[in-house]
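K.L.:
Take this structure first; my questions come after.
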Amino acid sequence: MPILYLGLGGTIACTFGPDHLVRSTLGAGELLAQIDGGADTVAEDVGMTASSDLTFADLLALAARIRRAFEQEGYTGCVISQGTDTIEEVAYTLHLLHAWPHPVVITGAMRHADLPGKDGPANLQDALAVARAPEAVGLGVLVVMGGEIHGASAVTKSHSQRPSTFASPDWGPLGLVAEGRVLIARRIGPPPLLPATEVTARVHLIRVPLDVDLALVEAALAGDGLVLEGTGGGHLPAKLGPLLRHSVQAGKVVAVTSRTGSGPSLRHTYGAVGAESDLQKSGILIADGPGLKVRIRLTLALSLHPRPDLASVLAAWL
């Protein structure tokens with residue numbers, strides 16, 4: 001079962017420099033040499049890119065590399081290591097782009113390679129185990145960190161520094177890796193595929209605070225779409241109503257989800273101005289899931305021709 005291991009840099013690849021600051025220095029081959037990766041694992045460097053610098057274009061290229069590995073080169077699994085800052089977004093984008101026939105597993109580290117208790121080697125070892133596991137087939141893109149297996153649609157980084165930062169708030173991880181064994185506790189259905197070959201849409205994301213600035217929302221509406229993380233079950237202040245209604249009438253796509261980060265948005269409960277019933281009457285779409293992932297779904301959907309049914313896309317977050 002040949003496995004392709006792609007290294008993108010990140011904390012897992014970082015070591016101290018002369019100034020006692022860490023930077024990505026370890027290539028995929030060096031990281032693989034720290035563990036028992038198996039004789040049939042091939043390491044390949046994709047770049048030493050800070051994960052906060054990754055773009056949709058980078059992810060389309062990464063998806064193309066994985067497809068080539070599976071369809072033309074005979075690989076039966078792929079592991080990617082990268083910086084943890086955007087793992088949830090990278091995983092979710094890849095999850096939506098293609099129906100992967102083999103496991104695609106993303107991992108990283110919270111403690112760099114020169115720290116006591118570095119977690120990179122253990123995470124990489126676990127990720128390779130998941131990539132080889134028949135039980136992982138059909139689960140799409142997975143994130144493996146700290147012995148836990150998370151689905152791309154649910155996983156999030158919940159703490160700035162803890163090694164146990166990755167969580168799936170609504171239902172927990174899909175499974176565990178224990179003593180090298182892959183244990184899957186629950187399975188998820190296939191995602192709504194959004195196979196964009198080019199990302200042409202610009203979609204902005206605003207987390208709506210108390211007394212939000214109208215000028216900020218108006219500026220964000222310059223894109224093709226706007227995702228607003230509303231309060232509670234997905235509510236907006238009444239003062240945004242005229243601006244958003246006018247924008248929707250002018251052809252902009254506006255979607256609202258909850259800023260809480262977990263749980264579905266409300267659709268049929270509150271009747272106040274700015275609540276879900278009022279928003280839907282104005283043509284604003286109700287979305288489910290964290291704003292980061294709603295933005296990805298809407299960006300990919302608006303980049304497709306013909307455009308899919310947006311209401312269905314925005315509700316299908318699992």
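Going through the structure tokens in order, the chains are called A, B, and so on, while each chain numbers its residues from 1 and the ligands are numbered from 1 in the order shown.
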May I have the residues within 8 Å of region 160-164 of chain A as a VMD selection string, using only C-alpha atoms and disregarding those fewer than 3 positions away in the same chain?
P.N.:
chain A and resid 109 to 111 119 145 to 146 157 167
K.L.:
Could those selected residues go to a file with N, CA and C atoms, as a compact mmCIF listing (two decimals), in the first residue's frame?
P.N.:
```
# COMPACT_ATOMS: atom_id res chain seq x y z
N ALA A 109 1.89 19.80 13.92
CA ALA A 109 2.40 19.77 15.30
C ALA A 109 2.11 21.09 15.97
N MET A 110 1.97 21.04 17.28
CA MET A 110 1.83 22.26 18.08
C MET A 110 3.14 22.61 18.78
N ARG A 111 4.03 21.63 18.90
CA ARG A 111 5.35 21.87 19.50
C ARG A 111 6.41 21.59 18.44
N ASP A 119 5.42 16.96 19.39
CA ASP A 119 4.34 16.05 19.02
C ASP A 119 4.32 15.67 17.54
N MET A 145 -4.53 14.37 14.83
CA MET A 145 -3.67 15.08 15.78
C MET A 145 -3.93 14.52 17.17
N GLY A 146 -2.88 14.35 17.94
CA GLY A 146 -3.04 13.92 19.32
C GLY A 146 -3.75 12.60 19.49
N LYS A 157 -9.61 24.30 15.26
CA LYS A 157 -8.53 24.58 16.21
C LYS A 157 -9.12 25.42 17.33
N ALA A 167 -10.46 19.83 17.89
CA ALA A 167 -11.70 19.27 18.42
C ALA A 167 -12.77 19.29 17.34
```
K.L.:
Could you list, as a list of chain:residue names, every residue within 7 Å of Val227 (chain A), counting only C-alpha atoms and ignoring same-chain residues fewer than 4 positions away?
P.N.:
A:His204, A:Leu205, A:Ile206, A:Val254, A:Ala255, A:Val256, A:Gly291, A:Arg295
K.L.:
So, with only C-alpha atoms as the atoms that count, which of A:Arg207, A:His102, A:His95, A:His246 lies closest to Glu71 (chain A)?
P.N.:
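Counting only C-alpha atoms, the residue closest to Glu71 (chain A) is A:His102.
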K.L.:
When distances are computed from only C-alpha atoms, which of A:Gly108, A:Pro103, A:Gly17, A:Pro237 shows the smallest separation from Asp211 (chain A)?
P.N.:
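Selected residue with least distance to Asp211 (chain A): A:Pro237.
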K.L.:
Compile the contact shell of Arg187 (chain A) as a list in words: residues with an atom at most 10 Å away, counting only C-alpha atoms, same-chain residues fewer than 5 positions apart removed.
P.N.:
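The residues that qualify are Glu135, Ala136, Gly138, Leu139, Gly151, Leu174 and Gly175 of chain A.
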K.L.:
What does the file look like for those residues with N, CA and C atoms, as a short mmCIF file (atom, residue, chain, number, x, y, z; two decimals), in the first residue's frame?
P.N.:
```cif
data_model
loop_
_atom_site.label_atom_id
_atom_site.label_comp_id
_atom_site.auth_asym_id
_atom_site.auth_seq_id
_atom_site.Cartn_x
_atom_site.Cartn_y
_atom_site.Cartn_z
N GLU A 135 -10.43 1.07 7.04
CA GLU A 135 -11.57 1.70 7.71
C GLU A 135 -11.69 3.18 7.39
N ALA A 136 -10.59 3.81 6.96
CA ALA A 136 -10.60 5.24 6.67
C ALA A 136 -11.09 5.57 5.27
N GLY A 138 -13.50 6.27 2.34
CA GLY A 138 -14.86 6.77 2.27
C GLY A 138 -15.19 7.87 3.26
N LEU A 139 -14.23 8.26 4.09
CA LEU A 139 -14.46 9.31 5.07
C LEU A 139 -13.98 10.67 4.57
N GLY A 151 -13.08 14.46 11.28
CA GLY A 151 -13.58 14.71 9.95
C GLY A 151 -13.37 16.17 9.57
N LEU A 174 -14.05 11.25 14.94
CA LEU A 174 -14.58 10.05 14.29
C LEU A 174 -13.98 8.78 14.87
N GLY A 175 -12.77 8.90 15.40
CA GLY A 175 -12.11 7.72 15.93
C GLY A 175 -10.79 8.07 16.57
#
```
K.L.:
Mind listing the alpha helix (DSSP H) residues of region 9-160 of chain A, per DSSP on the backbone, as an NGL selection string?
P.N.:
:A and (28-32 or 56-71 or 87-97 or 120-132)
K.L.:
Next, write the just-selected residues to a file, as a compact mmCIF listing (two decimals), in the first residue's frame, keeping N, CA and C atoms as the atom set.
P.N.:
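As a result, result38.txt now contains:
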```txt
# COMPACT_ATOMS: atom_id res chain seq x y z
N ALA A 28 10.32 16.97 4.09
CA ALA A 28 9.48 15.80 4.32
C ALA A 28 10.33 14.55 4.56
N GLY A 29 11.43 14.42 3.83
CA GLY A 29 12.29 13.25 4.01
C GLY A 29 12.90 13.21 5.40
N GLU A 30 13.31 14.36 5.91
CA GLU A 30 13.89 14.42 7.26
C GLU A 30 12.85 14.09 8.32
N LEU A 31 11.63 14.57 8.14
CA LEU A 31 10.57 14.26 9.10
C LEU A 31 10.22 12.78 9.07
N LEU A 32 10.16 12.22 7.88
CA LEU A 32 9.83 10.81 7.74
C LEU A 32 10.91 9.93 8.37
N PHE A 56 -6.41 29.64 -2.20
CA PHE A 56 -7.21 28.65 -2.90
C PHE A 56 -6.46 28.08 -4.10
N ALA A 57 -5.68 28.90 -4.75
CA ALA A 57 -4.89 28.40 -5.88
C ALA A 57 -3.91 27.32 -5.43
N ASP A 58 -3.29 27.52 -4.27
CA ASP A 58 -2.39 26.50 -3.72
C ASP A 58 -3.14 25.20 -3.46
N LEU A 59 -4.36 25.31 -2.95
CA LEU A 59 -5.12 24.11 -2.60
C LEU A 59 -5.60 23.37 -3.85
N LEU A 60 -5.94 24.11 -4.90
CA LEU A 60 -6.29 23.46 -6.16
C LEU A 60 -5.09 22.69 -6.71
N ALA A 61 -3.90 23.28 -6.60
CA ALA A 61 -2.70 22.59 -7.06
C ALA A 61 -2.41 21.36 -6.20
N LEU A 62 -2.63 21.48 -4.91
CA LEU A 62 -2.43 20.35 -4.00
C LEU A 62 -3.42 19.23 -4.34
N ALA A 63 -4.67 19.58 -4.58
CA ALA A 63 -5.67 18.58 -4.95
C ALA A 63 -5.29 17.88 -6.25
N ALA A 64 -4.77 18.63 -7.20
CA ALA A 64 -4.35 18.04 -8.47
C ALA A 64 -3.20 17.05 -8.26
N ARG A 65 -2.28 17.41 -7.34
CA ARG A 65 -1.15 16.51 -7.05
C ARG A 65 -1.66 15.20 -6.43
N ILE A 66 -2.62 15.30 -5.53
CA ILE A 66 -3.14 14.10 -4.89
C ILE A 66 -3.89 13.24 -5.90
N ARG A 67 -4.68 13.87 -6.75
CA ARG A 67 -5.41 13.11 -7.78
C ARG A 67 -4.44 12.37 -8.70
N ARG A 68 -3.37 13.04 -9.07
CA ARG A 68 -2.37 12.38 -9.93
C ARG A 68 -1.75 11.18 -9.20
N ALA A 69 -1.49 11.35 -7.91
CA ALA A 69 -0.91 10.25 -7.13
C ALA A 69 -1.83 9.04 -7.10
N PHE A 70 -3.13 9.28 -6.96
CA PHE A 70 -4.09 8.18 -6.88
C PHE A 70 -4.41 7.59 -8.25
N GLU A 71 -4.60 8.45 -9.24
CA GLU A 71 -5.12 8.01 -10.52
C GLU A 71 -4.05 7.53 -11.49
N ILE A 87 -5.30 24.35 9.18
CA ILE A 87 -5.58 22.95 8.86
C ILE A 87 -7.06 22.73 8.58
N GLU A 88 -7.94 23.32 9.39
CA GLU A 88 -9.36 23.05 9.21
C GLU A 88 -9.86 23.56 7.86
N GLU A 89 -9.30 24.68 7.40
CA GLU A 89 -9.73 25.23 6.11
C GLU A 89 -9.15 24.44 4.94
N VAL A 90 -7.88 24.04 5.06
CA VAL A 90 -7.26 23.24 4.01
C VAL A 90 -7.98 21.90 3.88
N ALA A 91 -8.20 21.25 5.02
CA ALA A 91 -8.86 19.94 5.00
C ALA A 91 -10.25 20.04 4.40
N TYR A 92 -11.00 21.07 4.79
CA TYR A 92 -12.38 21.18 4.31
C TYR A 92 -12.44 21.50 2.83
N THR A 93 -11.54 22.36 2.35
CA THR A 93 -11.52 22.66 0.92
C THR A 93 -11.22 21.40 0.11
N LEU A 94 -10.20 20.65 0.51
CA LEU A 94 -9.88 19.41 -0.20
C LEU A 94 -11.03 18.41 -0.10
N HIS A 95 -11.71 18.40 1.03
CA HIS A 95 -12.84 17.50 1.27
C HIS A 95 -13.96 17.75 0.26
N LEU A 96 -14.17 19.01 -0.10
CA LEU A 96 -15.27 19.37 -1.00
C LEU A 96 -14.91 19.27 -2.47
N LEU A 97 -13.62 19.30 -2.78
CA LEU A 97 -13.21 19.38 -4.19
C LEU A 97 -13.34 18.07 -4.95
N GLY A 120 5.20 16.28 16.76
CA GLY A 120 5.19 16.02 15.33
C GLY A 120 5.41 14.56 14.94
N PRO A 121 6.45 13.90 15.45
CA PRO A 121 6.67 12.51 15.03
C PRO A 121 5.50 11.59 15.35
N ALA A 122 4.92 11.71 16.54
CA ALA A 122 3.78 10.86 16.90
C ALA A 122 2.58 11.15 16.00
N ASN A 123 2.34 12.43 15.70
CA ASN A 123 1.21 12.77 14.83
C ASN A 123 1.42 12.23 13.42
N LEU A 124 2.65 12.32 12.93
CA LEU A 124 2.94 11.81 11.59
C LEU A 124 2.79 10.29 11.55
N GLN A 125 3.28 9.62 12.59
CA GLN A 125 3.15 8.16 12.64
C GLN A 125 1.68 7.75 12.63
N ASP A 126 0.86 8.45 13.42
CA ASP A 126 -0.57 8.15 13.46
C ASP A 126 -1.25 8.44 12.12
N ALA A 127 -0.87 9.55 11.49
CA ALA A 127 -1.47 9.90 10.21
C ALA A 127 -1.18 8.84 9.15
N LEU A 128 0.02 8.33 9.15
CA LEU A 128 0.36 7.27 8.20
C LEU A 128 -0.44 6.00 8.46
N ALA A 129 -0.66 5.71 9.74
CA ALA A 129 -1.48 4.54 10.07
C ALA A 129 -2.90 4.70 9.54
N VAL A 130 -3.45 5.89 9.68
CA VAL A 130 -4.81 6.14 9.19
C VAL A 130 -4.84 6.07 7.66
N ALA A 131 -3.82 6.60 7.01
CA ALA A 131 -3.77 6.56 5.55
C ALA A 131 -3.73 5.14 5.00
N ARG A 132 -3.22 4.21 5.80
CA ARG A 132 -3.14 2.80 5.38
C ARG A 132 -4.39 2.00 5.77
```
K.L.:
Which is closest to Leu194 (chain A) among A:Ala99, A:Ala238, A:Ala222, A:Val137, if we use only C-alpha atoms?
P.N.:
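The answer is A:Ala99, which sits nearest to Leu194 (chain A).
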K.L.:
For a quick check of understanding, using only C-alpha atoms, which of A:Leu21, A:Leu240, A:Val199, A:Ala13 has the smallest distance to Glu218 (chain A)?
P.N.:
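Selected residue with least distance to Glu218 (chain A): A:Leu240.
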K.L.:
Give the answer as one residue: which of A:Leu310, A:Val203, A:Leu4, A:Leu26 has the shortest atom-to-atom distance to Tyr75 (chain A), using only C-alpha atoms?
P.N.:
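Answer, going by the shortest atom-to-atom distance: A:Leu4.
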K.L.:
For Gly172 (chain A), work out the shell of residues within 9 Å, counting only C-alpha atoms and skipping chain neighbours fewer than 5 positions away, then give it as a list in words.
P.N.:
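In the requested form, the answer reads His150, Ala154, Val155 and Ala167 of chain A.
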K.L.:
For Ala311 (chain A), find every residue with an atom within 12 Å (counting only C-alpha atoms), except residues of its own chain fewer than 4 positions away, and show them as a PyMOL selection string.
P.N.:
chain A and resi 253-256+280+283-288+294+297-298+301+307+315-317
K.L.:
Could those selected residues go to a file with C-alpha atoms, as a PDB file, in the first residue's frame?
P.N.:
```pdb
ATOM      1  CA  VAL A 253     -25.249  36.531  -2.276  1.00  0.00           C
ATOM      2  CA  VAL A 254     -25.536  37.021   1.475  1.00  0.00           C
ATOM      3  CA  ALA A 255     -25.528  34.138   3.937  1.00  0.00           C
ATOM      4  CA  VAL A 256     -25.866  34.077   7.710  1.00  0.00           C
ATOM      5  CA  GLN A 280     -35.160  34.736   4.754  1.00  0.00           C
ATOM      6  CA  GLY A 283     -33.530  36.785   0.332  1.00  0.00           C
ATOM      7  CA  ILE A 284     -30.680  36.164   2.782  1.00  0.00           C
ATOM      8  CA  LEU A 285     -29.606  32.525   2.897  1.00  0.00           C
ATOM      9  CA  ILE A 286     -29.364  30.595   6.154  1.00  0.00           C
ATOM     10  CA  ALA A 287     -26.207  28.526   6.466  1.00  0.00           C
ATOM     11  CA  ASP A 288     -25.052  25.887   8.946  1.00  0.00           C
ATOM     12  CA  VAL A 294     -19.473  28.376   5.171  1.00  0.00           C
ATOM     13  CA  ARG A 297     -18.609  26.325   0.558  1.00  0.00           C
ATOM     14  CA  LEU A 298     -19.959  29.566  -0.840  1.00  0.00           C
ATOM     15  CA  ALA A 301     -20.143  27.124  -5.212  1.00  0.00           C
ATOM     16  CA  ARG A 307     -24.073  27.449 -10.167  1.00  0.00           C
ATOM     17  CA  ALA A 315     -27.202  23.811   4.647  1.00  0.00           C
ATOM     18  CA  ALA A 316     -25.048  20.725   3.932  1.00  0.00           C
ATOM     19  CA  TRP A 317     -22.212  21.231   6.376  1.00  0.00           C
TER      20      TRP A 317
END
```
K.L.:
Interatomic distance between CA of Leu292 (chain A) and CA of Gly241 (chain A)?
P.N.:
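Atom-to-atom, CA of Leu292 (chain A) and CA of Gly241 (chain A) are spaced 22.8 Å apart.
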K.L.:
Could you give me, as a compact mmCIF listing (two decimals) with N, CA and C atoms, in the first residue's frame, the residues within 9 Å of region 263-267 of chain A, counting only C-alpha atoms and dropping anything in the same chain fewer than 3 positions from it?
P.N.:
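Result file follows (selection-v9.txt):
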```txt
# COMPACT_ATOMS: atom_id res chain seq x y z
N PRO A 169 -16.52 20.05 17.79
CA PRO A 169 -17.39 20.46 18.90
C PRO A 169 -18.74 19.77 19.00
N ASP A 170 -19.37 19.45 17.89
CA ASP A 170 -20.73 18.93 17.98
C ASP A 170 -20.80 17.44 18.31
N GLY A 232 -26.07 34.33 18.41
CA GLY A 232 -26.98 33.25 18.79
C GLY A 232 -27.20 32.25 17.67
N GLY A 233 -28.48 32.07 17.32
CA GLY A 233 -28.83 31.11 16.27
C GLY A 233 -28.66 31.65 14.87
N GLY A 234 -28.05 32.83 14.73
CA GLY A 234 -27.83 33.43 13.41
C GLY A 234 -28.65 34.69 13.22
N HIS A 235 -28.54 35.63 14.16
CA HIS A 235 -29.34 36.85 14.13
C HIS A 235 -28.47 38.07 13.84
N VAL A 256 -26.03 33.87 6.28
CA VAL A 256 -25.87 34.08 7.71
C VAL A 256 -25.74 32.73 8.40
N THR A 257 -24.77 32.63 9.29
CA THR A 257 -24.64 31.46 10.15
C THR A 257 -24.43 31.95 11.58
N SER A 258 -24.28 31.03 12.51
CA SER A 258 -24.11 31.41 13.91
C SER A 258 -22.64 31.63 14.23
N THR A 260 -21.43 31.17 17.09
CA THR A 260 -21.07 30.29 18.21
C THR A 260 -20.08 29.21 17.80
N TYR A 270 -37.70 32.71 15.65
CA TYR A 270 -37.89 34.10 16.05
C TYR A 270 -38.46 34.95 14.92
N ALA A 275 -34.04 38.67 12.77
CA ALA A 275 -34.03 37.25 13.10
C ALA A 275 -34.25 36.42 11.83
N GLU A 276 -34.20 35.10 11.98
CA GLU A 276 -34.12 34.22 10.81
C GLU A 276 -35.31 34.33 9.86
N SER A 277 -36.53 34.50 10.38
CA SER A 277 -37.68 34.60 9.49
C SER A 277 -37.62 35.87 8.65
N GLN A 280 -34.79 35.57 5.90
CA GLN A 280 -35.16 34.74 4.75
C GLN A 280 -36.14 35.45 3.83
N ILE A 286 -29.76 31.11 4.85
CA ILE A 286 -29.36 30.60 6.15
C ILE A 286 -28.38 29.46 5.94
N ALA A 287 -27.25 29.53 6.62
CA ALA A 287 -26.21 28.53 6.47
C ALA A 287 -25.96 27.84 7.80
N ASP A 288 -25.41 26.63 7.75
CA ASP A 288 -25.05 25.89 8.95
C ASP A 288 -23.54 25.70 9.01
N GLY A 289 -23.03 25.70 10.22
CA GLY A 289 -21.61 25.45 10.43
C GLY A 289 -20.83 26.72 10.66
N PRO A 290 -19.57 26.60 11.09
CA PRO A 290 -18.72 27.76 11.36
C PRO A 290 -18.54 28.62 10.11
N ALA A 315 -26.64 24.59 3.55
CA ALA A 315 -27.20 23.81 4.65
C ALA A 315 -26.46 22.49 4.85
```
K.L.:
Enumerate, as an MDAnalysis selection string, the complete set of residues in region 46-116 of chain A that a backbone-based DSSP assignment places in strand (DSSP E).
P.N.:
chainID A and resid 77:81 104:107
K.L.:
Measuring between only C-alpha atoms, which one of A:Ser303, A:Thr165, A:Thr15, A:Thr156 shows the shortest distance to Lys118 (chain A)?
P.N.:
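Comparing A:Ser303, A:Thr165, A:Thr15, A:Thr156 against Lys118 (chain A), the winner is A:Thr15.
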